[in-house]
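Colleague: Can you keep this structure in mind? I'll have questions shortly.
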Amino acid sequence: MTRPAETRAAVLVDYEKPLEVRSLPVPPPEPKAAIVKVEATTMCGTDVHIWRGEYAAAGLSKLPLVPGHEIVGRIAELGSERTVDALNRPLAEGDLVAWSYAWCGSCYWCTLAKQPTACENARMYGWGPADKAPYITGGFAEYAYIMPPCSIVKVPEGLDPAVAASATCAFRTIIHGYEKIGRIETHETVVVQGSGPVGLYALAFAIQSGARQTIMIGAPEARLDIARRWGADVVLDVQNGDPATRREQVLELTDGRGADLVVECSGANAAFVEGMDLVRRGGRYLIIGASEPRPVEIRPTYFNLRQLTVAGTMSGDVSHYYRALTFLRDHQDRFSFGDLLGSRYSLDQVGEALDGMESMREIKPVIIP
Ligand SMILES: [Zn+2]
Ligand SMILES: [Zn+2]
């Protein structure tokens with residue numbers, strides 16, 4: 001595979017405007033960098049938020065930008081010092097790989113705290129800018145640049161590249177969250193709030209971890225159907241019924257105690273408030289999805305008097321990428337992960353894909369550049 005001088009990319013030039021397919025330079029890789037030919041990029045809800053400009057004021061997204069951060073690609077060219085993946089396995093041209101974000105490796109969070117996902121110098125994919133080297137850091141392009149600090153992991157054989165791509169945001173975040181909140185015991189009831197990709201992956205992980213009972217709270221029906229097929233014991237539709245009724249149902253299913261673990265994957269403040277009332281005394285609440293900037297009222301006594309453990313995580317380090325990919329490969333017969341994927345779109349159709357995601361017509365559109 002040879003590296004072309006230029007690549008086609010879907011570029012966001014102005015927020016909330018159609019993306020423009022443009023030609024961008026493909027720079028030669030620095031010694032520890034690599035160039036990949038993108039095999040598949042799945043769309044994340046965050047791509048829609050970026051498109052709307054919701055992170056522009058905070059300076060997080062920088063125009064022009066190539067969106068897309070759930071990417072797998074085949075190595076087209078390796079930098080002279082990039083010879084192995086994160087597991088020390090040799091890398092060669094043509095290998096299908098995923099890669100972590102670029103964390104600096106030298107700040108307090110990267111070193112002392114061992115929490116690279118909180119790195120103060122993080123560089124993420126799909127946030128721009130595309131007018132400065134290395135230009136092609138987003139997945140809505142034929143080629144992408146893996147920056148030197150990123151860890152690379154090979155995608156296991158026998159996994160659909162689009163399914164693998166979906167692991168690189170949604171699922172690795174869930175693995176990170178479960179690691180932080182502690183293992184699921186076989187007598188426990190797990191409630192998952194939100195039936196989008198993150199929630200459905202959270203459900204699959206809880207089931208595979210041996211949870212005694214899983215309860216999915218979400219919508220719309222097509223997503224709840226996937227939850228049922230994957231083995232959720234109880235499915236509650238948020239479009240039918242109110243929080244008080246759902247709380248009654250959860251209490252009934254747990255001998256009046258509430259869930260041992262509630263996992264918030266919904267994004268809505270209302271779900272957070274509801275979830276607090278679904279956790280049993282002494283239980284755990286994992287917050288993954290919350291994305292509304294507006295505050296909600298919290299009574300501090302809720303935490304100490306009810307002895308709750310509350311944790312929040314975002315993103316994941318390379319170990320979570322590896323574990324997510326391995327889980328998908330090992331358990332794809334039990335869970336039809338492909339059900340999460342939507343239609344396949346070319347670079348010229350990225351606008352349609354964004355529309356499908358925004359209107360919830362699609363769970364996870366796939367961009368095949
Ligand atoms: Zn994402
Ligand atoms: Zn750092």
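Each chain in the structure tokens gets a letter, A, B, ..., in the order shown, and its residues are numbered from 1; ligands are numbered from 1 in order too.
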Could you pull out the residues sitting within 6 Å of ligand 2, using only C-alpha atoms and all ligand atoms, and write them as a compact mmCIF listing (two decimals) with N, CA, C and O atoms, in the first residue's frame?
Modeller:
# COMPACT_ATOMS: atom_id res chain seq x y z
N TRP A 103 -2.50 11.04 24.14
CA TRP A 103 -2.28 11.64 25.46
C TRP A 103 -0.80 11.93 25.58
O TRP A 103 0.04 11.17 25.05
N CYS A 104 -0.46 12.98 26.31
CA CYS A 104 0.91 13.48 26.25
C CYS A 104 1.92 12.52 26.88
O CYS A 104 3.07 12.49 26.49
N GLY A 105 1.49 11.76 27.89
CA GLY A 105 2.42 10.81 28.51
C GLY A 105 3.34 11.45 29.53
O GLY A 105 4.18 10.76 30.13
N SER A 106 3.20 12.75 29.77
CA SER A 106 4.13 13.38 30.71
C SER A 106 3.46 14.29 31.73
O SER A 106 4.13 14.81 32.61
N CYS A 107 2.15 14.48 31.66
CA CYS A 107 1.49 15.35 32.65
C CYS A 107 1.17 14.53 33.91
O CYS A 107 1.36 13.32 33.96
N TRP A 109 -1.66 13.60 35.10
CA TRP A 109 -2.68 12.56 34.89
C TRP A 109 -2.13 11.35 34.13
O TRP A 109 -2.47 10.23 34.42
N CYS A 110 -1.26 11.64 33.17
CA CYS A 110 -0.67 10.54 32.39
C CYS A 110 0.30 9.71 33.22
O CYS A 110 0.42 8.51 33.02
N PRO A 116 -4.77 8.54 31.92
CA PRO A 116 -4.50 9.31 30.71
C PRO A 116 -5.74 9.93 30.10
O PRO A 116 -5.65 10.96 29.43
N CYS A 119 -5.93 13.46 30.68
CA CYS A 119 -4.73 14.21 30.27
C CYS A 119 -5.08 15.66 29.92
O CYS A 119 -6.04 15.93 29.22
N GLU A 120 -4.24 16.57 30.40
CA GLU A 120 -4.54 17.99 30.14
C GLU A 120 -4.09 18.42 28.74
O GLU A 120 -4.40 19.51 28.29
N ASN A 121 -3.35 17.57 28.06
CA ASN A 121 -2.88 17.91 26.71
C ASN A 121 -3.43 16.95 25.65
O ASN A 121 -2.82 16.77 24.60
Colleague: Using only C-alpha atoms and all ligand atoms, find each residue with an atom at most 12 Å away from ligand 1 and format the answer as a compact mmCIF listing (two decimals) with C-alpha atoms, in the first residue's frame.
Modeller:
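See pocket_36.txt below for the written result:
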# COMPACT_ATOMS: atom_id res chain seq x y z
CA THR A 41 -15.82 4.82 10.61
CA THR A 42 -18.97 4.61 12.69
CA MET A 43 -20.83 7.73 13.69
CA CYS A 44 -21.10 8.69 17.34
CA GLY A 45 -23.68 10.99 18.91
CA THR A 46 -20.76 13.29 19.69
CA ASP A 47 -20.22 13.83 15.96
CA VAL A 48 -23.70 15.35 15.81
CA HIS A 49 -22.95 17.60 18.82
CA ILE A 50 -19.68 18.68 17.14
CA PRO A 67 -15.28 14.55 12.03
CA GLY A 68 -15.21 10.90 13.02
CA HIS A 69 -13.47 9.27 15.97
CA GLU A 70 -14.68 5.66 15.78
CA ILE A 71 -12.26 4.47 13.15
CA TYR A 101 -6.40 9.19 21.51
CA MET A 124 -8.67 13.65 20.08
CA TYR A 125 -9.70 12.45 16.65
CA GLY A 126 -12.43 14.20 14.75
CA TRP A 127 -12.17 17.57 16.48
CA GLY A 138 -10.80 12.43 11.62
CA GLY A 139 -12.34 9.26 10.26
CA ALA A 165 -14.98 0.70 14.73
CA SER A 166 -17.96 1.00 17.04
CA ALA A 167 -15.86 -0.42 19.86
CA THR A 168 -13.42 2.44 19.69
CA CYS A 169 -15.71 4.98 21.36
CA ALA A 170 -18.95 3.57 22.69
CA PHE A 171 -17.71 0.24 23.97
CA ARG A 172 -14.27 1.17 25.26
CA THR A 173 -15.96 3.89 27.32
CA ILE A 174 -18.26 1.30 28.91
CA GLY A 196 -28.39 3.74 22.32
CA PRO A 197 -25.12 2.03 21.37
CA VAL A 198 -23.47 2.81 24.73
CA ILE A 288 -21.33 7.60 31.37
CA GLY A 289 -23.81 9.35 29.10
CA SER A 291 -24.23 15.44 28.25
CA MET A 314 -15.33 9.13 29.74
CA SER A 315 -13.20 7.74 26.94
CA GLY A 316 -10.79 4.89 27.67
CA LYS A 364 -25.03 3.96 14.27
Colleague: I need the residues in segment 87-261 of chain A that are alpha helix (DSSP H) according to DSSP; give them as a ChimeraX atom specification.
Modeller: /A:161-166,172-181,197-208,221-230,243-253
Colleague: Pull N, CA and C atoms from the residues just selected and write them as a CSV table (one decimal), in the first residue's frame.
Modeller:
chain,number,residue,atom,x,y,z
A,161,PRO,N,-15.1,-5.0,10.3
A,161,PRO,CA,-14.4,-3.7,10.6
A,161,PRO,C,-15.4,-2.6,11.2
A,162,ALA,N,-16.6,-2.6,10.7
A,162,ALA,CA,-17.6,-1.6,11.2
A,162,ALA,C,-17.9,-1.9,12.6
A,163,VAL,N,-18.1,-3.1,13.0
A,163,VAL,CA,-18.4,-3.5,14.4
A,163,VAL,C,-17.2,-3.1,15.2
A,164,ALA,N,-16.0,-3.4,14.7
A,164,ALA,CA,-14.7,-3.0,15.4
A,164,ALA,C,-14.7,-1.5,15.6
A,165,ALA,N,-15.0,-0.8,14.6
A,165,ALA,CA,-15.0,0.7,14.7
A,165,ALA,C,-15.9,1.2,15.9
A,166,SER,N,-17.0,0.5,16.0
A,166,SER,CA,-18.0,1.0,17.0
A,166,SER,C,-17.4,0.7,18.4
A,172,ARG,N,-15.4,1.0,24.4
A,172,ARG,CA,-14.3,1.2,25.3
A,172,ARG,C,-14.6,2.1,26.4
A,173,THR,N,-15.6,3.0,26.2
A,173,THR,CA,-16.0,3.9,27.3
A,173,THR,C,-16.7,3.1,28.4
A,174,ILE,N,-17.5,2.2,28.0
A,174,ILE,CA,-18.3,1.3,28.9
A,174,ILE,C,-17.3,0.4,29.7
A,175,ILE,N,-16.3,-0.2,29.0
A,175,ILE,CA,-15.4,-1.0,29.7
A,175,ILE,C,-14.6,-0.2,30.8
A,176,HIS,N,-14.2,1.0,30.4
A,176,HIS,CA,-13.6,1.9,31.4
A,176,HIS,C,-14.5,2.1,32.6
A,177,GLY,N,-15.7,2.4,32.3
A,177,GLY,CA,-16.7,2.7,33.4
A,177,GLY,C,-16.9,1.5,34.3
A,178,TYR,N,-17.1,0.3,33.8
A,178,TYR,CA,-17.2,-0.9,34.6
A,178,TYR,C,-16.0,-1.1,35.4
A,179,GLU,N,-14.8,-0.9,34.8
A,179,GLU,CA,-13.6,-1.1,35.6
A,179,GLU,C,-13.6,-0.2,36.8
A,180,LYS,N,-14.0,1.1,36.6
A,180,LYS,CA,-14.0,2.0,37.8
A,180,LYS,C,-15.0,1.7,38.8
A,181,ILE,N,-16.2,1.3,38.4
A,181,ILE,CA,-17.3,1.1,39.4
A,181,ILE,C,-17.2,-0.2,40.1
A,197,PRO,N,-26.2,3.0,21.5
A,197,PRO,CA,-25.1,2.0,21.4
A,197,PRO,C,-24.4,1.8,22.7
A,198,VAL,N,-24.2,2.9,23.5
A,198,VAL,CA,-23.5,2.8,24.7
A,198,VAL,C,-24.3,2.0,25.7
A,199,GLY,N,-25.6,2.2,25.8
A,199,GLY,CA,-26.5,1.5,26.7
A,199,GLY,C,-26.5,0.0,26.3
A,200,LEU,N,-26.6,-0.3,25.0
A,200,LEU,CA,-26.7,-1.7,24.6
A,200,LEU,C,-25.4,-2.4,24.8
A,201,TYR,N,-24.3,-1.7,24.6
A,201,TYR,CA,-23.0,-2.4,25.0
A,201,TYR,C,-22.9,-2.6,26.5
A,202,ALA,N,-23.4,-1.6,27.2
A,202,ALA,CA,-23.4,-1.8,28.7
A,202,ALA,C,-24.2,-3.0,29.1
A,203,LEU,N,-25.4,-3.2,28.4
A,203,LEU,CA,-26.2,-4.3,28.7
A,203,LEU,C,-25.5,-5.6,28.4
A,204,ALA,N,-24.9,-5.7,27.2
A,204,ALA,CA,-24.2,-6.9,26.8
A,204,ALA,C,-23.1,-7.3,27.8
A,205,PHE,N,-22.4,-6.3,28.3
A,205,PHE,CA,-21.3,-6.5,29.2
A,205,PHE,C,-21.8,-7.0,30.5
A,206,ALA,N,-23.0,-6.4,31.0
A,206,ALA,CA,-23.5,-6.8,32.3
A,206,ALA,C,-24.0,-8.3,32.2
A,207,ILE,N,-24.7,-8.6,31.1
A,207,ILE,CA,-25.2,-10.0,30.9
A,207,ILE,C,-24.0,-11.0,30.9
A,208,GLN,N,-23.0,-10.7,30.1
A,208,GLN,CA,-21.9,-11.6,30.0
A,208,GLN,C,-21.1,-11.7,31.3
A,221,GLU,N,-38.7,1.6,20.2
A,221,GLU,CA,-39.0,0.2,20.3
A,221,GLU,C,-37.9,-0.7,19.6
A,222,ALA,N,-37.4,-0.2,18.4
A,222,ALA,CA,-36.4,-1.0,17.7
A,222,ALA,C,-35.2,-1.3,18.5
A,223,ARG,N,-34.8,-0.3,19.3
A,223,ARG,CA,-33.6,-0.5,20.2
A,223,ARG,C,-33.9,-1.4,21.4
A,224,LEU,N,-35.2,-1.3,21.9
A,224,LEU,CA,-35.6,-2.2,23.0
A,224,LEU,C,-35.7,-3.6,22.5
A,225,ASP,N,-36.0,-3.8,21.3
A,225,ASP,CA,-36.1,-5.1,20.7
A,225,ASP,C,-34.7,-5.7,20.7
A,226,ILE,N,-33.7,-5.0,20.3
A,226,ILE,CA,-32.3,-5.5,20.4
A,226,ILE,C,-32.0,-5.9,21.8
A,227,ALA,N,-32.4,-5.1,22.8
A,227,ALA,CA,-32.1,-5.4,24.2
A,227,ALA,C,-32.7,-6.7,24.6
A,228,ARG,N,-34.0,-6.9,24.1
A,228,ARG,CA,-34.7,-8.2,24.4
A,228,ARG,C,-33.9,-9.4,23.7
A,229,ARG,N,-33.6,-9.2,22.5
A,229,ARG,CA,-32.9,-10.3,21.7
A,229,ARG,C,-31.5,-10.6,22.4
A,230,TRP,N,-30.9,-9.6,22.9
A,230,TRP,CA,-29.6,-9.8,23.6
A,230,TRP,C,-29.7,-10.5,25.0
A,243,PRO,N,-41.4,8.1,35.6
A,243,PRO,CA,-40.3,7.6,36.5
A,243,PRO,C,-40.8,7.0,37.8
A,244,ALA,N,-41.9,7.5,38.3
A,244,ALA,CA,-42.4,6.9,39.6
A,244,ALA,C,-42.9,5.4,39.3
A,245,THR,N,-43.6,5.2,38.2
A,245,THR,CA,-44.0,3.8,37.9
A,245,THR,C,-42.8,2.9,37.6
A,246,ARG,N,-41.8,3.4,36.9
A,246,ARG,CA,-40.6,2.6,36.7
A,246,ARG,C,-39.9,2.3,38.0
A,247,ARG,N,-39.9,3.2,38.9
A,247,ARG,CA,-39.2,3.0,40.2
A,247,ARG,C,-40.0,1.8,40.9
A,248,GLU,N,-41.3,1.9,40.9
A,248,GLU,CA,-42.1,0.8,41.5
A,248,GLU,C,-41.7,-0.5,40.9
A,249,GLN,N,-41.6,-0.5,39.5
A,249,GLN,CA,-41.3,-1.8,38.9
A,249,GLN,C,-39.9,-2.3,39.3
A,250,VAL,N,-38.9,-1.4,39.4
A,250,VAL,CA,-37.6,-1.8,39.7
A,250,VAL,C,-37.6,-2.3,41.2
A,251,LEU,N,-38.3,-1.6,42.1
A,251,LEU,CA,-38.4,-2.1,43.5
A,251,LEU,C,-39.0,-3.5,43.6
A,252,GLU,N,-40.1,-3.7,42.8
A,252,GLU,CA,-40.8,-4.9,42.8
A,252,GLU,C,-39.8,-6.1,42.3
A,253,LEU,N,-39.0,-5.8,41.4
A,253,LEU,CA,-38.1,-6.8,40.8
A,253,LEU,C,-36.9,-7.0,41.7
Colleague: Within 6 Å of Asp260 of chain A, counting only C-alpha atoms, which residues qualify if same-chain residues fewer than 5 places away don't, as a VMD selection string?
Modeller: chain A and resid 188 to 189 280 283
Colleague: Taking 5 positions as the minimum chain separation for residues in the same chain, which residues sit within 7 Å of Ile367 of chain A when counting only C-alpha atoms? Answer as a VMD selection string.
Modeller: chain A and resid 40 to 42 140 344 to 347
Colleague: Taking only C-alpha atoms into account, name the residue in A:Ser359, A:Tyr55, A:Asp95, A:Asp160 that is nearest to Glu292 of chain A.
Modeller: A:Tyr55
Colleague: Using only C-alpha atoms, which protein or nucleic acid residues come within 12 Å of Ala56 of chain A? Drop anything in the same chain fewer than 6 positions from it, and give the result as a list in words.
Modeller: Asp14, Tyr15, Glu16, His49, Ile50, Lys62, Leu63, Pro64, Leu65, Trp127, Gly128 and Pro129 of chain A
Colleague: Excluding Val191 of chain A and residues on its chain fewer than 3 positions from it, collect all residues at most 9 Å away from it, counting only C-alpha atoms, and give them as a VMD selection string.
Modeller: chain A and resid 203 213 to 217 250 259 to 264 275 278 to 279
Colleague: Pick out the closest residue to Val66 of chain A from this set: A:Ala144, A:Leu340, A:Ala5, A:Ala118. Count only C-alpha atoms.
Modeller: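 Closest to Val66 of chain A of all the choices is A:Ala144.
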Colleague: Just want the 9 Å neighbourhood of Pro4 of chain A, counted on only C-alpha atoms, with same-chain residues fewer than 3 positions away dropped. Output as a list in words.
Modeller: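 Listed by chain and then number, they are Thr7, Pro25, Val26 and Tyr143 of chain A.
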Colleague: Return as a list in words the full set of residues in segment 103-146 of chain A whose backbone-based DSSP assignment is strand (DSSP E or B).
Modeller: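 Listing strand (DSSP E or B) positions across segment 103-146 of chain A yields Arg123, Ala141, Tyr143, Ala144, Tyr145 and Ile146 of chain A.
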Colleague: Let me see the file: selected residues, all heavy atoms, as an mmCIF file, in the first residue's frame.
Modeller:
data_model
loop_
_atom_site.group_PDB
_atom_site.id
_atom_site.type_symbol
_atom_site.label_atom_id
_atom_site.label_comp_id
_atom_site.auth_asym_id
_atom_site.auth_seq_id
_atom_site.Cartn_x
_atom_site.Cartn_y
_atom_site.Cartn_z
ATOM 1 N N ARG A 123 -5.143 15.090 22.658
ATOM 2 C CA ARG A 123 -5.581 15.427 21.300
ATOM 3 C C ARG A 123 -6.463 14.299 20.810
ATOM 4 O O ARG A 123 -6.051 13.149 20.773
ATOM 5 C CB ARG A 123 -4.377 15.617 20.377
ATOM 6 C CG ARG A 123 -3.603 16.885 20.719
ATOM 7 C CD ARG A 123 -2.611 17.224 19.643
ATOM 8 N NE ARG A 123 -3.272 17.500 18.372
ATOM 9 C CZ ARG A 123 -2.614 17.573 17.211
ATOM 10 N NH1 ARG A 123 -1.318 17.367 17.155
ATOM 11 N NH2 ARG A 123 -3.258 17.850 16.099
ATOM 12 N N ALA A 141 -12.677 10.294 6.133
ATOM 13 C CA ALA A 141 -11.668 10.543 5.104
ATOM 14 C C ALA A 141 -11.133 9.202 4.628
ATOM 15 O O ALA A 141 -11.272 8.186 5.322
ATOM 16 C CB ALA A 141 -10.522 11.377 5.682
ATOM 17 N N TYR A 143 -7.991 8.488 4.152
ATOM 18 C CA TYR A 143 -6.780 8.183 4.914
ATOM 19 C C TYR A 143 -6.797 8.962 6.218
ATOM 20 O O TYR A 143 -7.386 10.037 6.305
ATOM 21 C CB TYR A 143 -5.517 8.552 4.116
ATOM 22 C CG TYR A 143 -5.226 7.566 2.999
ATOM 23 C CD1 TYR A 143 -5.894 7.670 1.781
ATOM 24 C CD2 TYR A 143 -4.331 6.511 3.177
ATOM 25 C CE1 TYR A 143 -5.672 6.751 0.763
ATOM 26 C CE2 TYR A 143 -4.107 5.591 2.167
ATOM 27 C CZ TYR A 143 -4.767 5.716 0.959
ATOM 28 O OH TYR A 143 -4.549 4.796 -0.027
ATOM 29 N N ALA A 144 -6.182 8.397 7.234
ATOM 30 C CA ALA A 144 -6.092 9.087 8.524
ATOM 31 C C ALA A 144 -4.667 8.962 9.072
ATOM 32 O O ALA A 144 -3.938 8.019 8.734
ATOM 33 C CB ALA A 144 -7.096 8.503 9.513
ATOM 34 N N TYR A 145 -4.340 9.928 9.920
ATOM 35 C CA TYR A 145 -2.984 10.016 10.480
ATOM 36 C C TYR A 145 -3.050 9.589 11.944
ATOM 37 O O TYR A 145 -3.820 10.150 12.738
ATOM 38 C CB TYR A 145 -2.517 11.465 10.384
ATOM 39 C CG TYR A 145 -1.055 11.696 10.681
ATOM 40 C CD1 TYR A 145 -0.113 11.716 9.659
ATOM 41 C CD2 TYR A 145 -0.627 11.938 11.984
ATOM 42 C CE1 TYR A 145 1.236 11.957 9.928
ATOM 43 C CE2 TYR A 145 0.714 12.171 12.255
ATOM 44 C CZ TYR A 145 1.635 12.184 11.216
ATOM 45 O OH TYR A 145 2.968 12.417 11.487
ATOM 46 N N ILE A 146 -2.267 8.597 12.319
ATOM 47 C CA ILE A 146 -2.186 8.195 13.728
ATOM 48 C C ILE A 146 -1.028 8.969 14.358
ATOM 49 O O ILE A 146 0.124 8.787 13.984
ATOM 50 C CB ILE A 146 -1.958 6.676 13.873
ATOM 51 C CG1 ILE A 146 -3.083 5.907 13.161
ATOM 52 C CG2 ILE A 146 -1.877 6.286 15.344
ATOM 53 C CD1 ILE A 146 -2.975 4.391 13.288
#
Colleague: From the list A:Arg329, A:Gly282, A:Val72, A:Lys132, which residue is nearest Val366 of chain A when using only C-alpha atoms?
Modeller: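 Under the stated criterion, the closest residue is A:Val72.
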Colleague: Which is closest to Leu78 of chain A among A:Ala102, A:Ala113, A:Ala33, A:Val38, if we use only C-alpha atoms?
Modeller: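 Looking at the shortest contact to Leu78 of chain A, the residue is A:Ala33.
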Colleague: Measure the distance from atom CA of Arg3 of chain A to atom CA of Glu77 of chain A in Å and round it to one decimal.
Modeller: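 Between these atoms lies a distance of 6.5 Å.
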